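Report on the structure given below.
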Amino acid sequence: MAVIKLENVSKNYQLENQPVPVLDNVTMDIHQGEIMALVGRSGSGKTTLLHIIGTLERPTTGKVYLDGVNISDLNDNQISKLRNQKVGFVFQTNNLLPEFTALENVMMPGMIAGAPMAQLKKRAKALLGAVELGHRETHRPTEMSGGEQQRVAIARALLMGPSILLADEPTGNLDHKTSSIVKDLLLQLCAAHKITMLLVTHDLELAQSLPKQVMIKDGQLENR
Amino acid sequence: MFSEFKNIVWLAVRSLTSRKTASLSFMTWVSICGVGIGVASLIVVLSVMGGFSSDLQSKLLKGKPHMEIVAKNVQAGFSLVDSPMSSFQKKLKGAESVEAFIRTDVVLKIENKLATAELFGVDPKRKSHLWAFDQFMVDGEISSIGKKHIAVLSSDSNRYPGIVLGSALAAKLGVGYGDKLTIVTPQSAVDVVFSSSSTFQRHYIVTGVFSSNLFKYDQSWAVVSLDSARKHMVDYDTYLDEEKFITGIATKISDPFKIDEYASRVQQKGLKTMTWKDFNKSYLVALRLEKYSMSIVLALIVLVAAFSISGTMAMTVYFRRGQIALLRSLGMTEGNLLGLYVLQGLFIGAVGLIIGLILGLGVCFGIYAFDFIELPQGVYYLKKLPIKFLPFEYMVICAGALLMTLLAALFPAFFASRQNTSSGLRFL
């Protein structure tokens, strides 16, 4: 069964009462453990597609299934809970909340879910250790480099044991060496936890280093 | 669900107090101070007004009966033969004292000095303490009004009834114990020393002075026996003596705030009841009005501070659109996000409230314990600023302040929770 399934998904935005098409009849299946790059020009609809898959947006038409659950059947509370448990996000920049330490940022999804603090702390420490940032627990984002912040974001994305990891240009703001470290970490952790990952990038070299690539052009998918 | 709420509370407090925001924005501190000053002002002003009110009420109750039963035509009075004392004592069972009195306006005269006075007639043998002259005698005894006396240092060897005066009235007339004075009233009677077609005059000997520290009584009250006072009633005739006419029945109860219950027991044709509340209605209404209007004005300070909180939070929500979207992407529901920002607003309000409580109660306690504020004597009847601690009012102030901050936080919190997550992520 596909972990992510899209059926004829379209998305339009309204601009001065005129519909602006962003996605046009997108159908795709992504299976468990698949690691895929989503590439395309700027404005091609990559981020919109990612947000729809991650339940941050609802499609204008079409259906989205996450782990067999039809998103359109759920209300906001149910979608939020599903997102909390099943989906991890890593964004391009400013992933972390500046008032909280690295450890607290990693614990955030668990706190939102109402999990006990002691249990969360233990798991968060383990994850920070896995991304080699155990010594930065009490540091705030402003006290860390860009690469370190991305690693903390990755640890946070994995806290709830999601089945899907969605990364939107995770290396976009990093230098080549750090990008490589972050990419390798993502691949390693996703493989270890059998997580399905969809990574949006316009970096073709990064895209080609992943097992599968999907191109999006003018709101439609082209498999590579 | 409880642990979810507990974590949201932790998030709200932590995001306000973390090292990065420990300096809390200037506007947030302004809001906190605004709430604090508003709450402190309300506490101090209501406590002082409570002190004045309490003091005034005790003065209003001091020196006068709690209720008077009088004729509908007050000056005419009514007859004790028609309405015997026993009937009133039966109806007012449970009252501390029930006694007859006469009250009439007269002029006191000694040599070339004149003074208007309110003349009271009471039973000299009674043992109650209804009136100021019962409680605050400084010279002589009230029972002396029932006997006849000779003037001191006078060639006049006739005996005249006794009279007790308020200290200020006695000073105004320049009379003291044993002096003879004349009461003049505009009527004629059989028993007169000097008579004219329009006035009735009678001599008395000053046998006592009272001083209640209430200027209104000390400067205008004079007391004689019931029989003597009756002769000075309007349109006096011997018929009034036969019928034992009086102005009214005075009564005192243990709890003056329950007087309305006693008043309801006395329903008699030709008579009406006047309680201490009726006598001082304008004072009490004015006090209450002043209390409410001051409270409203001062509550506006808290309201302005609440608006400040709302504005500050609205700005915070606007500038943190990206972070709000991030929280939503991590699975925070709209409800939890609303709760997060409402709690932040409440927390700011609560801090201001606590500062206000400490400041307000501290000032009140300081005034109460150290009496460092003196009032100008010619203007006020009190020497020191009075304070009354009002726990119920303080609770209302706290609840009101919290409610205002809650409502103030609601709009920006609602705005935050309804934000489009996808759009918000662009602001990361």
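Residues in the structure tokens are named by chain (A, B, ... in the order shown) and by number from 1 within that chain; ligands are numbered from 1 in the order shown.
Residues of segment 61-152 of chain A that DSSP places in strand (DSSP E), based on the backbone of this structure, are Thr61, Gly62, Lys63, Val64, Tyr65, Leu66, Val69, Asn70, Val87, Gly88, Phe89 and Val90 of chain A.
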**Request:** Do a neighbour search on Ile309 of chain B at 10 Å with only C-alpha atoms, toss out local chain neighbours closer than 6 positions, and write the hits as a count of residues only.
**Result:** 21
**Request:** For Ala263 of chain B, work out the shell of residues within 12 Å, counting only C-alpha atoms and skipping chain neighbours fewer than 4 positions away, then give it as number ranges by chain.
**Result:** B: 66-70, 88, 91-93, 95, 249-253, 256-259, 267-268, 271-278
Give me a file of those residues, with C-alpha atoms, as a PDB file, in the first residue's frame.
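Output contents, as saved in again14.pdb:
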```pdb
ATOM      1  CA  HIS B  66     -32.002  53.516  64.370  1.00  0.00           C
ATOM      2  CA  MET B  67     -35.655  54.222  63.713  1.00  0.00           C
ATOM      3  CA  GLU B  68     -38.292  56.797  64.628  1.00  0.00           C
ATOM      4  CA  ILE B  69     -42.021  56.196  64.447  1.00  0.00           C
ATOM      5  CA  VAL B  70     -43.689  59.558  63.946  1.00  0.00           C
ATOM      6  CA  PHE B  88     -45.058  49.599  70.206  1.00  0.00           C
ATOM      7  CA  LYS B  91     -44.525  45.155  67.785  1.00  0.00           C
ATOM      8  CA  LEU B  92     -40.833  45.908  68.223  1.00  0.00           C
ATOM      9  CA  LYS B  93     -40.081  42.860  70.326  1.00  0.00           C
ATOM     10  CA  ALA B  95     -35.325  45.773  69.940  1.00  0.00           C
ATOM     11  CA  ILE B 249     -41.180  56.590  69.346  1.00  0.00           C
ATOM     12  CA  ALA B 250     -37.428  56.030  69.046  1.00  0.00           C
ATOM     13  CA  THR B 251     -35.956  52.565  68.826  1.00  0.00           C
ATOM     14  CA  LYS B 252     -32.554  50.919  68.678  1.00  0.00           C
ATOM     15  CA  ILE B 253     -31.733  47.356  67.578  1.00  0.00           C
ATOM     16  CA  PRO B 256     -28.795  48.458  62.467  1.00  0.00           C
ATOM     17  CA  PHE B 257     -28.636  46.919  58.986  1.00  0.00           C
ATOM     18  CA  LYS B 258     -31.726  44.828  59.796  1.00  0.00           C
ATOM     19  CA  ILE B 259     -33.835  47.874  60.611  1.00  0.00           C
ATOM     20  CA  GLN B 267     -47.997  49.618  60.036  1.00  0.00           C
ATOM     21  CA  GLN B 268     -50.433  52.004  61.710  1.00  0.00           C
ATOM     22  CA  LEU B 271     -48.037  56.962  61.611  1.00  0.00           C
ATOM     23  CA  LYS B 272     -44.932  56.420  59.527  1.00  0.00           C
ATOM     24  CA  THR B 273     -41.466  54.984  60.153  1.00  0.00           C
ATOM     25  CA  MET B 274     -38.211  56.791  59.447  1.00  0.00           C
ATOM     26  CA  THR B 275     -35.130  54.622  59.613  1.00  0.00           C
ATOM     27  CA  TRP B 276     -31.514  55.811  59.762  1.00  0.00           C
ATOM     28  CA  LYS B 277     -31.311  54.946  56.070  1.00  0.00           C
ATOM     29  CA  ASP B 278     -34.195  57.306  55.301  1.00  0.00           C
TER      30      ASP B 278
END
```
**Message:** Taking only C-alpha atoms into account and nothing else, which residues of chain B lie no more than 8 Å away from chain A? Please answer as a PyMOL selection string.
**Reply:** chain B and resi 1-8+14-15+18-21+323+326+328-334+421-422+428
Take the residues that were just selected and, keeping C-alpha atoms, output them as a PDB file, in the first residue's frame.
```pdb
ATOM      1  CA  MET B   1      -6.071  16.268  27.332  1.00  0.00           C
ATOM      2  CA  PHE B   2      -4.898  17.599  30.685  1.00  0.00           C
ATOM      3  CA  SER B   3      -1.259  16.879  29.834  1.00  0.00           C
ATOM      4  CA  GLU B   4      -1.779  18.640  26.495  1.00  0.00           C
ATOM      5  CA  PHE B   5      -3.094  21.671  28.375  1.00  0.00           C
ATOM      6  CA  LYS B   6      -0.252  21.464  30.870  1.00  0.00           C
ATOM      7  CA  ASN B   7       2.280  21.493  28.039  1.00  0.00           C
ATOM      8  CA  ILE B   8       0.537  24.457  26.388  1.00  0.00           C
ATOM      9  CA  ARG B  14       8.389  29.594  28.661  1.00  0.00           C
ATOM     10  CA  SER B  15       8.070  31.649  25.501  1.00  0.00           C
ATOM     11  CA  SER B  18      12.990  32.554  28.173  1.00  0.00           C
ATOM     12  CA  ARG B  19      16.301  34.361  28.145  1.00  0.00           C
ATOM     13  CA  LYS B  20      15.715  35.719  24.645  1.00  0.00           C
ATOM     14  CA  THR B  21      12.498  37.401  25.671  1.00  0.00           C
ATOM     15  CA  GLN B 323       6.700  30.649  13.878  1.00  0.00           C
ATOM     16  CA  LEU B 326       5.817  26.268  12.148  1.00  0.00           C
ATOM     17  CA  ARG B 328       0.917  24.332  13.058  1.00  0.00           C
ATOM     18  CA  SER B 329       3.177  22.258  10.845  1.00  0.00           C
ATOM     19  CA  LEU B 330       4.282  20.354  13.951  1.00  0.00           C
ATOM     20  CA  GLY B 331       0.654  19.426  14.591  1.00  0.00           C
ATOM     21  CA  MET B 332      -0.632  22.156  16.897  1.00  0.00           C
ATOM     22  CA  THR B 333      -4.402  22.499  16.490  1.00  0.00           C
ATOM     23  CA  GLU B 334      -6.197  25.817  16.019  1.00  0.00           C
ATOM     24  CA  THR B 421      -0.307  27.656   7.598  1.00  0.00           C
ATOM     25  CA  SER B 422       1.075  27.361   4.116  1.00  0.00           C
ATOM     26  CA  LEU B 428      10.032  31.721   8.183  1.00  0.00           C
TER      27      LEU B 428
END
```
**Prompt:** Got a sec: who's within 12 Å of Arg126 of chain B, counting only C-alpha atoms, leaving out chain neighbours fewer than 3 positions off, as a list in words?
**Reply:** Ser97, Val98, Glu99, Ala100, Phe101, Gly121, Val122, Asp123, His129, Leu130, Trp131, Asp134, Ile142, Ser143, Ser144, Ile145, Gly146, Ser225 and Leu226 of chain B
Write out, as a JSON list (two decimals), in the first residue's frame, the residues just selected, with N, CA and C atoms.
```
[["chain", "number", "residue", "atom", "x", "y", "z"],
["B", 97, "SER", "N", -34.02, 49.03, 72.69],
["B", 97, "SER", "CA", -34.78, 50.05, 73.44],
["B", 97, "SER", "C", -35.90, 50.61, 72.58],
["B", 98, "VAL", "N", -36.99, 50.94, 73.27],
["B", 98, "VAL", "CA", -38.16, 51.59, 72.64],
["B", 98, "VAL", "C", -38.60, 52.68, 73.61],
["B", 99, "GLU", "N", -38.56, 53.93, 73.19],
["B", 99, "GLU", "CA", -38.96, 54.98, 74.12],
["B", 99, "GLU", "C", -39.57, 56.17, 73.38],
["B", 100, "ALA", "N", -40.34, 56.93, 74.12],
["B", 100, "ALA", "CA", -41.02, 58.10, 73.55],
["B", 100, "ALA", "C", -40.09, 59.29, 73.56],
["B", 101, "PHE", "N", -40.32, 60.22, 72.62],
["B", 101, "PHE", "CA", -39.53, 61.46, 72.61],
["B", 101, "PHE", "C", -40.37, 62.57, 72.01],
["B", 121, "GLY", "N", -37.33, 66.15, 74.21],
["B", 121, "GLY", "CA", -37.94, 65.80, 75.48],
["B", 121, "GLY", "C", -37.88, 64.30, 75.63],
["B", 122, "VAL", "N", -37.30, 63.84, 76.75],
["B", 122, "VAL", "CA", -37.22, 62.40, 76.99],
["B", 122, "VAL", "C", -37.61, 62.12, 78.43],
["B", 123, "ASP", "N", -37.88, 60.85, 78.69],
["B", 123, "ASP", "CA", -38.22, 60.43, 80.05],
["B", 123, "ASP", "C", -36.94, 60.41, 80.87],
["B", 129, "HIS", "N", -29.69, 54.14, 75.99],
["B", 129, "HIS", "CA", -28.65, 55.02, 75.43],
["B", 129, "HIS", "C", -28.89, 55.24, 73.94],
["B", 130, "LEU", "N", -30.04, 55.79, 73.67],
["B", 130, "LEU", "CA", -30.43, 55.98, 72.27],
["B", 130, "LEU", "C", -29.77, 57.18, 71.62],
["B", 131, "TRP", "N", -29.65, 58.26, 72.42],
["B", 131, "TRP", "CA", -29.26, 59.54, 71.85],
["B", 131, "TRP", "C", -27.83, 59.92, 72.25],
["B", 134, "ASP", "N", -27.27, 60.78, 75.77],
["B", 134, "ASP", "CA", -27.20, 59.66, 76.71],
["B", 134, "ASP", "C", -25.77, 59.14, 76.80],
["B", 142, "ILE", "N", -28.06, 63.11, 82.87],
["B", 142, "ILE", "CA", -29.26, 63.34, 82.08],
["B", 142, "ILE", "C", -30.51, 63.27, 82.96],
["B", 143, "SER", "N", -30.44, 62.49, 84.04],
["B", 143, "SER", "CA", -31.61, 62.33, 84.91],
["B", 143, "SER", "C", -31.96, 63.65, 85.62],
["B", 144, "SER", "N", -31.03, 64.61, 85.60],
["B", 144, "SER", "CA", -31.27, 65.90, 86.27],
["B", 144, "SER", "C", -32.39, 66.69, 85.61],
["B", 145, "ILE", "N", -32.74, 66.35, 84.39],
["B", 145, "ILE", "CA", -33.79, 67.12, 83.70],
["B", 145, "ILE", "C", -35.15, 66.84, 84.30],
["B", 146, "GLY", "N", -35.27, 65.79, 85.11],
["B", 146, "GLY", "CA", -36.56, 65.45, 85.71],
["B", 146, "GLY", "C", -36.82, 66.20, 87.01],
["B", 225, "SER", "N", -37.18, 67.34, 80.07],
["B", 225, "SER", "CA", -38.06, 66.20, 80.29],
["B", 225, "SER", "C", -39.20, 66.23, 79.28],
["B", 226, "LEU", "N", -39.89, 65.10, 79.14],
["B", 226, "LEU", "CA", -41.01, 64.98, 78.21],
["B", 226, "LEU", "C", -42.07, 66.03, 78.50]]
```
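Distances from B:Cys398, B:Val224, B:Ile102, B:Val44 to Leu240 of chain B were compared using only C-alpha atoms, and the smallest one belongs to B:Ile102.
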**Request:** Compile the contact shell of Ser167 of chain B as a PyMOL selection string: residues with an atom at most 8 Å away, counting only C-alpha atoms, same-chain residues fewer than 5 positions apart removed.
**Result:** chain B and resi 209-211+218-219
**Message:** At a cut-off of 12 Å, using only C-alpha atoms, what residues contact Val200 of chain A? Leave out same-chain residues fewer than 5 positions from it and give the result as a ChimeraX atom specification.
**Reply:** /A:35-42,44-51,89-92,165-172,206-207,210,212-216
**Message:** Can you tell me which residues surround Gly146 of chain A at a distance of at most 7 Å, considering only C-alpha atoms, apart from same-chain residues fewer than 3 positions away, and format the answer as a count of residues only?
**Reply:** 3
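Atom pair atom CA of Lys11 of chain A / atom CA of Phe415 of chain B: separated by 24.5 Å.
Distances here use only C-alpha atoms; by that measure, the residue among B:Glu374, B:Leu353, B:Arg426, B:Met233 closest to Gly400 of chain B is B:Leu353.
Take atom CA of Leu103 of chain A and atom CA of Arg151 of chain A: the distance between them is 11.8 Å.
With only C-alpha atoms as the basis for measurement, A:Leu159 is the residue among A:Pro21, A:Leu159, A:Leu74, A:Asp29 that approaches Leu189 of chain A most closely.
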**Request:** Run DSSP on the backbone and grab whatever in segment 26-183 of chain A lands in helix (DSSP H, G or I); send it over as an MDAnalysis selection string.
**Result:** chainID A and resid 46:53 71:73 76:86 102:113 117:130 134:136 141:143 146:157 176:183
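One finds atom CA of His202 of chain A at 17.5 Å from atom CA of Leu23 of chain A.
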